[in-house]
Amino acid sequence: ERLYTGQYDENYRTLRQKPLGCWKVVDESGAAVPCVVEDAGAGFGYDLPRDKFRQPCMAKRAKVTLQAQVPAMGLRCYALVPAQEPAAGSLVVPGNGMENDAIKAWVEPDGTLSLLHKGTGREYRGLGYLEDTGDIGNEYIYYQPPGEKSILSRGGQAKIELLEDTPVRAAYRATVTMQIPVSAQNSLREE
């Protein structure tokens, strides 16, 4: 079974419903590269030979996601080849985290993000929290009411869900609930 059929008489619907099969990406040395290969349906095209009329064809398409390691001012070749089984692997680590060769990131119980840069050893904590400052200004002026404290999303309990776990990408969703006023005091309307 080939990814590109080259046959113009194959029914488009049949080709679109045909399973993609298992594929992998290899680099120029033949080593497997972590990737995700998804079915992208079927497409129609044609070749323009010099000595004939155009030659129509249909092809099964694939969407390939990989992290390319390309040298500066250089290039690198990758190939999509048939595989015996789907690519396996994960960036997810225990504790609602994800990790690759360069960084480790994890979602804290309150929904904030912590990040460790492995090259420098620097750690950044409490990233990505939400803040409501009770802005009572208008479209031209920002104004926080005197004596009012900002309401922050950190410090509470977030609902954390793993959304995606593939060899090349991981994604979490952190849902936080904040108690904020519905509106400013009614006297503001008169003012």
# chains A, B, ... in the order shown; residues from 1 in each chain; ligands from 1
>>> closest_atom_pairs(of="segment 59-148 of chain A", to="segment 162-180 of chain A", cutoff="12 Å", atoms="only C-alpha atoms", output="Markdown table")
| residue | atom | partner | partner_atom | distance |
| --- | --- | --- | --- | --- |
| A:Val64 | CA | A:Val168 | CA | 10.7 |
| A:Thr65 | CA | A:Val168 | CA | 7.4 |
| A:Leu66 | CA | A:Val168 | CA | 6.1 |
| A:Gln67 | CA | A:Val168 | CA | 6.6 |
| A:Ala68 | CA | A:Val168 | CA | 10.3 |
| A:Pro86 | CA | A:Pro167 | CA | 10.8 |
| A:Ala87 | CA | A:Pro167 | CA | 7.5 |
| A:Ala88 | CA | A:Pro167 | CA | 6.4 |
| A:Gly89 | CA | A:Pro167 | CA | 4.4 |
| A:Ser90 | CA | A:Pro167 | CA | 4.6 |
| A:Leu91 | CA | A:Ala170 | CA | 6.1 |
| A:Val92 | CA | A:Ala170 | CA | 6.5 |
| A:Val93 | CA | A:Ala170 | CA | 10.0 |
| A:Pro94 | CA | A:Leu162 | CA | 11.5 |
| A:Gly95 | CA | A:Leu162 | CA | 11.1 |
| A:Asn96 | CA | A:Leu162 | CA | 7.7 |
| A:Gly97 | CA | A:Tyr172 | CA | 8.6 |
| A:Met98 | CA | A:Ala170 | CA | 6.7 |
| A:Glu99 | CA | A:Ala170 | CA | 9.0 |
| A:Asn100 | CA | A:Val168 | CA | 9.0 |
| A:Asp101 | CA | A:Val168 | CA | 11.7 |
| A:Lys104 | CA | A:Ala170 | CA | 11.6 |
| A:Ala105 | CA | A:Ala170 | CA | 10.4 |
| A:Trp106 | CA | A:Tyr172 | CA | 9.2 |
| A:Val107 | CA | A:Ala174 | CA | 7.6 |
| A:Glu108 | CA | A:Ala174 | CA | 9.1 |
| A:Pro109 | CA | A:Ala174 | CA | 8.9 |
| A:Asp110 | CA | A:Val176 | CA | 7.5 |
| A:Gly111 | CA | A:Ala174 | CA | 5.2 |
| A:Thr112 | CA | A:Ala174 | CA | 8.1 |
| A:Leu113 | CA | A:Ala174 | CA | 9.5 |
| A:Gly128 | CA | A:Ala174 | CA | 10.4 |
| A:Tyr129 | CA | A:Val176 | CA | 9.5 |
| A:Leu130 | CA | A:Met178 | CA | 9.0 |
| A:Glu131 | CA | A:Met178 | CA | 9.4 |
| A:Asp132 | CA | A:Ile180 | CA | 7.5 |
| A:Thr133 | CA | A:Ile180 | CA | 9.4 |
| A:Gly134 | CA | A:Ile180 | CA | 8.3 |
| A:Asp135 | CA | A:Ile180 | CA | 11.6 |
| A:Glu148 | CA | A:Ile180 | CA | 12.0 |
>>> write_last_selection(atoms="C-alpha atoms", output="PDB file, in the first residue's frame")
ATOM      1  CA  VAL A  64       3.017  15.082   9.872  1.00  0.00           C
ATOM      2  CA  THR A  65       4.156  16.796  13.071  1.00  0.00           C
ATOM      3  CA  LEU A  66       7.759  16.490  14.218  1.00  0.00           C
ATOM      4  CA  GLN A  67      10.429  18.557  15.910  1.00  0.00           C
ATOM      5  CA  ALA A  68      13.064  19.130  13.246  1.00  0.00           C
ATOM      6  CA  PRO A  86       2.385   3.551  15.280  1.00  0.00           C
ATOM      7  CA  ALA A  87       5.055   5.710  16.901  1.00  0.00           C
ATOM      8  CA  ALA A  88       5.072   5.575  20.687  1.00  0.00           C
ATOM      9  CA  GLY A  89       6.446   8.014  23.175  1.00  0.00           C
ATOM     10  CA  SER A  90       5.424  10.723  25.566  1.00  0.00           C
ATOM     11  CA  LEU A  91       6.610  14.060  26.905  1.00  0.00           C
ATOM     12  CA  VAL A  92       4.358  13.723  29.975  1.00  0.00           C
ATOM     13  CA  VAL A  93       6.013  13.194  33.368  1.00  0.00           C
ATOM     14  CA  PRO A  94       4.387  12.599  36.780  1.00  0.00           C
ATOM     15  CA  GLY A  95       3.037  15.619  38.631  1.00  0.00           C
ATOM     16  CA  ASN A  96       1.117  17.208  35.717  1.00  0.00           C
ATOM     17  CA  GLY A  97       4.344  17.897  33.890  1.00  0.00           C
ATOM     18  CA  MET A  98       6.017  17.630  30.534  1.00  0.00           C
ATOM     19  CA  GLU A  99       9.690  17.414  29.679  1.00  0.00           C
ATOM     20  CA  ASN A 100      12.043  17.375  26.701  1.00  0.00           C
ATOM     21  CA  ASP A 101      15.812  17.786  26.326  1.00  0.00           C
ATOM     22  CA  LYS A 104      10.717  20.764  32.091  1.00  0.00           C
ATOM     23  CA  ALA A 105       7.338  22.389  32.765  1.00  0.00           C
ATOM     24  CA  TRP A 106       4.581  21.455  35.176  1.00  0.00           C
ATOM     25  CA  VAL A 107       1.178  22.759  36.192  1.00  0.00           C
ATOM     26  CA  GLU A 108       0.958  23.556  39.899  1.00  0.00           C
ATOM     27  CA  PRO A 109      -2.179  22.590  41.892  1.00  0.00           C
ATOM     28  CA  ASP A 110      -3.388  26.218  41.751  1.00  0.00           C
ATOM     29  CA  GLY A 111      -3.171  26.298  37.919  1.00  0.00           C
ATOM     30  CA  THR A 112       0.039  28.322  37.628  1.00  0.00           C
ATOM     31  CA  LEU A 113       2.938  27.068  35.541  1.00  0.00           C
ATOM     32  CA  GLY A 128       0.402  32.423  34.001  1.00  0.00           C
ATOM     33  CA  TYR A 129      -1.895  33.428  36.841  1.00  0.00           C
ATOM     34  CA  LEU A 130      -4.930  35.647  36.264  1.00  0.00           C
ATOM     35  CA  GLU A 131      -5.509  38.993  37.980  1.00  0.00           C
ATOM     36  CA  ASP A 132      -8.652  41.100  38.337  1.00  0.00           C
ATOM     37  CA  THR A 133      -8.006  44.653  39.532  1.00  0.00           C
ATOM     38  CA  GLY A 134     -11.575  45.962  39.654  1.00  0.00           C
ATOM     39  CA  ASP A 135     -10.995  48.518  36.906  1.00  0.00           C
ATOM     40  CA  GLU A 148      -9.158  47.600  46.705  1.00  0.00           C
TER      41      GLU A 148
END
>>> atom_distance(atom1="atom CA of Arg122 of chain A", atom2="atom CA of Gln69 of chain A")
23.7 Å
>>> atom_distance(atom1="atom CA of Gly156 of chain A", atom2="atom CA of Ala102 of chain A")
29.6 Å
>>> atom_distance(atom1="atom CA of Leu80 of chain A", atom2="atom CA of Pro49 of chain A")
25.5 Å
>>> residues_around(residues="Arg61 of chain A", least_positions_apart="6", cutoff="12 Å", atoms="only C-alpha atoms", output="ChimeraX atom specification")
/A:2-5,15-21,23,37-45,80
>>> select_by_dssp(residues="segment 40-146 of chain A", states="strand (DSSP E or B)", output="NGL selection string")
:A and (40-47 or 55-66 or 78-82 or 92-93 or 97-99 or 103-107 or 113-117 or 122-127 or 131-132)
>>> write_last_selection(atoms="C-alpha atoms", output="short mmCIF file (atom, residue, chain, number, x, y, z; two decimals), in the first residue's frame")
data_model
loop_
_atom_site.label_atom_id
_atom_site.label_comp_id
_atom_site.auth_asym_id
_atom_site.auth_seq_id
_atom_site.Cartn_x
_atom_site.Cartn_y
_atom_site.Cartn_z
CA ALA A 40 -5.56 14.41 6.19
CA GLY A 41 -8.09 12.88 3.78
CA ALA A 42 -7.60 12.62 0.05
CA GLY A 43 -6.61 15.15 -2.58
CA PHE A 44 -6.89 15.56 -6.32
CA GLY A 45 -4.10 16.85 -8.57
CA TYR A 46 -2.46 16.28 -11.91
CA ASP A 47 0.92 15.96 -13.55
CA GLN A 55 -2.49 13.22 -16.15
CA PRO A 56 -5.03 13.36 -13.27
CA CYS A 57 -4.34 11.58 -10.01
CA MET A 58 -5.67 11.25 -6.49
CA ALA A 59 -3.60 10.74 -3.39
CA LYS A 60 -4.09 9.92 0.25
CA ARG A 61 -2.72 12.81 2.33
CA ALA A 62 -1.06 12.84 5.73
CA LYS A 63 -0.40 15.60 8.26
CA VAL A 64 3.02 15.08 9.87
CA THR A 65 4.16 16.80 13.07
CA LEU A 66 7.76 16.49 14.22
CA TYR A 78 13.43 13.65 6.58
CA ALA A 79 11.39 10.89 4.94
CA LEU A 80 7.96 9.46 5.64
CA VAL A 81 8.19 5.67 5.38
CA PRO A 82 5.86 2.75 6.18
CA VAL A 92 4.36 13.72 29.98
CA VAL A 93 6.01 13.19 33.37
CA GLY A 97 4.34 17.90 33.89
CA MET A 98 6.02 17.63 30.53
CA GLU A 99 9.69 17.41 29.68
CA ILE A 103 12.96 22.27 29.47
CA LYS A 104 10.72 20.76 32.09
CA ALA A 105 7.34 22.39 32.77
CA TRP A 106 4.58 21.46 35.18
CA VAL A 107 1.18 22.76 36.19
CA LEU A 113 2.94 27.07 35.54
CA SER A 114 6.48 26.33 36.69
CA LEU A 115 9.36 26.03 34.25
CA LEU A 116 12.91 24.69 34.56
CA HIS A 117 15.42 25.65 31.86
CA ARG A 122 17.05 28.49 36.25
CA GLU A 123 13.58 27.82 37.58
CA TYR A 124 10.58 30.08 37.08
CA ARG A 125 7.53 29.59 39.30
CA GLY A 126 4.03 31.04 39.50
CA LEU A 127 3.71 31.85 35.79
CA GLU A 131 -5.51 38.99 37.98
CA ASP A 132 -8.65 41.10 38.34
#
>>> decode(residues="segment 113-145 of chain A", atoms="N, CA, C and O atoms", output="short mmCIF file (atom, residue, chain, number, x, y, z; two decimals), in the first residue's frame")
data_model
loop_
_atom_site.label_atom_id
_atom_site.label_comp_id
_atom_site.auth_asym_id
_atom_site.auth_seq_id
_atom_site.Cartn_x
_atom_site.Cartn_y
_atom_site.Cartn_z
N LEU A 113 1.96 27.88 36.25
CA LEU A 113 2.94 27.07 35.54
C LEU A 113 4.32 27.30 36.13
O LEU A 113 4.69 28.44 36.45
N SER A 114 5.07 26.24 36.28
CA SER A 114 6.48 26.33 36.69
C SER A 114 7.33 25.78 35.57
O SER A 114 6.93 24.85 34.88
N LEU A 115 8.50 26.36 35.38
CA LEU A 115 9.36 26.03 34.25
C LEU A 115 10.80 25.92 34.72
O LEU A 115 11.29 26.78 35.45
N LEU A 116 11.49 24.87 34.27
CA LEU A 116 12.91 24.69 34.56
C LEU A 116 13.65 24.67 33.23
O LEU A 116 13.37 23.84 32.37
N HIS A 117 14.58 25.62 33.05
CA HIS A 117 15.42 25.65 31.86
C HIS A 117 16.66 24.82 32.17
O HIS A 117 17.48 25.19 33.02
N LYS A 118 16.79 23.67 31.51
CA LYS A 118 17.86 22.72 31.85
C LYS A 118 19.25 23.25 31.52
O LYS A 118 20.21 22.92 32.20
N GLY A 119 19.37 24.07 30.47
CA GLY A 119 20.67 24.59 30.08
C GLY A 119 21.29 25.50 31.13
O GLY A 119 22.50 25.48 31.36
N THR A 120 20.46 26.32 31.78
CA THR A 120 20.97 27.26 32.77
C THR A 120 20.68 26.83 34.20
O THR A 120 21.26 27.36 35.14
N GLY A 121 19.72 25.90 34.37
CA GLY A 121 19.33 25.48 35.71
C GLY A 121 18.39 26.46 36.39
O GLY A 121 18.02 26.28 37.55
N ARG A 122 17.96 27.49 35.67
CA ARG A 122 17.05 28.49 36.25
C ARG A 122 15.64 27.95 36.29
O ARG A 122 15.17 27.32 35.35
N GLU A 123 14.96 28.25 37.39
CA GLU A 123 13.58 27.82 37.58
C GLU A 123 12.68 29.04 37.71
O GLU A 123 13.03 30.00 38.40
N TYR A 124 11.55 28.99 37.04
CA TYR A 124 10.58 30.08 37.08
C TYR A 124 9.28 29.50 37.61
O TYR A 124 8.77 28.53 37.08
N ARG A 125 8.74 30.12 38.66
CA ARG A 125 7.53 29.59 39.30
C ARG A 125 6.41 30.63 39.30
O ARG A 125 6.67 31.83 39.22
N GLY A 126 5.19 30.15 39.38
CA GLY A 126 4.03 31.04 39.50
C GLY A 126 3.70 31.78 38.22
O GLY A 126 3.16 32.89 38.26
N LEU A 127 3.98 31.19 37.07
CA LEU A 127 3.71 31.85 35.79
C LEU A 127 2.25 31.63 35.36
O LEU A 127 1.65 30.62 35.67
N GLY A 128 1.70 32.59 34.65
CA GLY A 128 0.40 32.42 34.00
C GLY A 128 -0.81 32.55 34.90
O GLY A 128 -1.87 32.03 34.58
N TYR A 129 -0.70 33.26 36.01
CA TYR A 129 -1.89 33.43 36.84
C TYR A 129 -2.74 34.58 36.31
O TYR A 129 -2.27 35.43 35.55
N LEU A 130 -4.01 34.59 36.69
CA LEU A 130 -4.93 35.65 36.26
C LEU A 130 -5.10 36.66 37.39
O LEU A 130 -5.02 36.32 38.57
N GLU A 131 -5.37 37.92 37.00
CA GLU A 131 -5.51 38.99 37.98
C GLU A 131 -6.67 39.89 37.59
O GLU A 131 -6.77 40.35 36.45
N ASP A 132 -7.57 40.14 38.55
CA ASP A 132 -8.65 41.10 38.34
C ASP A 132 -8.41 42.27 39.28
O ASP A 132 -8.30 42.08 40.50
N THR A 133 -8.34 43.48 38.72
CA THR A 133 -8.01 44.65 39.53
C THR A 133 -9.20 45.56 39.78
O THR A 133 -9.03 46.65 40.31
N GLY A 134 -10.39 45.15 39.39
CA GLY A 134 -11.58 45.96 39.65
C GLY A 134 -11.56 47.28 38.92
O GLY A 134 -11.96 48.30 39.46
N ASP A 135 -11.10 47.30 37.71
CA ASP A 135 -11.00 48.52 36.91
C ASP A 135 -12.36 49.20 36.78
O ASP A 135 -13.31 48.64 36.26
N ILE A 136 -12.46 50.45 37.31
CA ILE A 136 -13.70 51.21 37.20
C ILE A 136 -13.53 52.44 36.30
O ILE A 136 -14.35 53.35 36.33
N GLY A 137 -12.49 52.43 35.51
CA GLY A 137 -12.28 53.53 34.57
C GLY A 137 -13.21 53.38 33.37
O GLY A 137 -14.12 52.57 33.35
N ASN A 138 -12.95 54.20 32.37
CA ASN A 138 -13.75 54.11 31.16
C ASN A 138 -12.86 53.62 30.02
O ASN A 138 -11.79 53.08 30.26
N GLU A 139 -13.31 53.85 28.77
CA GLU A 139 -12.52 53.34 27.65
C GLU A 139 -11.19 54.07 27.47
O GLU A 139 -10.33 53.61 26.72
N TYR A 140 -10.99 55.17 28.18
CA TYR A 140 -9.75 55.95 28.05
C TYR A 140 -8.84 55.82 29.26
O TYR A 140 -7.64 56.06 29.17
N ILE A 141 -9.40 55.49 30.41
CA ILE A 141 -8.66 55.54 31.66
C ILE A 141 -8.78 54.21 32.40
O ILE A 141 -9.88 53.67 32.54
N TYR A 142 -7.63 53.71 32.88
CA TYR A 142 -7.64 52.57 33.79
C TYR A 142 -7.62 53.13 35.20
O TYR A 142 -6.81 54.02 35.52
N TYR A 143 -8.50 52.65 36.07
CA TYR A 143 -8.54 53.16 37.43
C TYR A 143 -8.94 52.05 38.39
O TYR A 143 -10.05 51.53 38.30
N GLN A 144 -8.04 51.70 39.29
CA GLN A 144 -8.36 50.71 40.32
C GLN A 144 -8.88 51.45 41.54
O GLN A 144 -8.28 52.44 41.98
N PRO A 145 -10.01 51.04 42.10
CA PRO A 145 -10.58 51.75 43.25
C PRO A 145 -9.59 51.81 44.41
O PRO A 145 -8.88 50.82 44.67
#
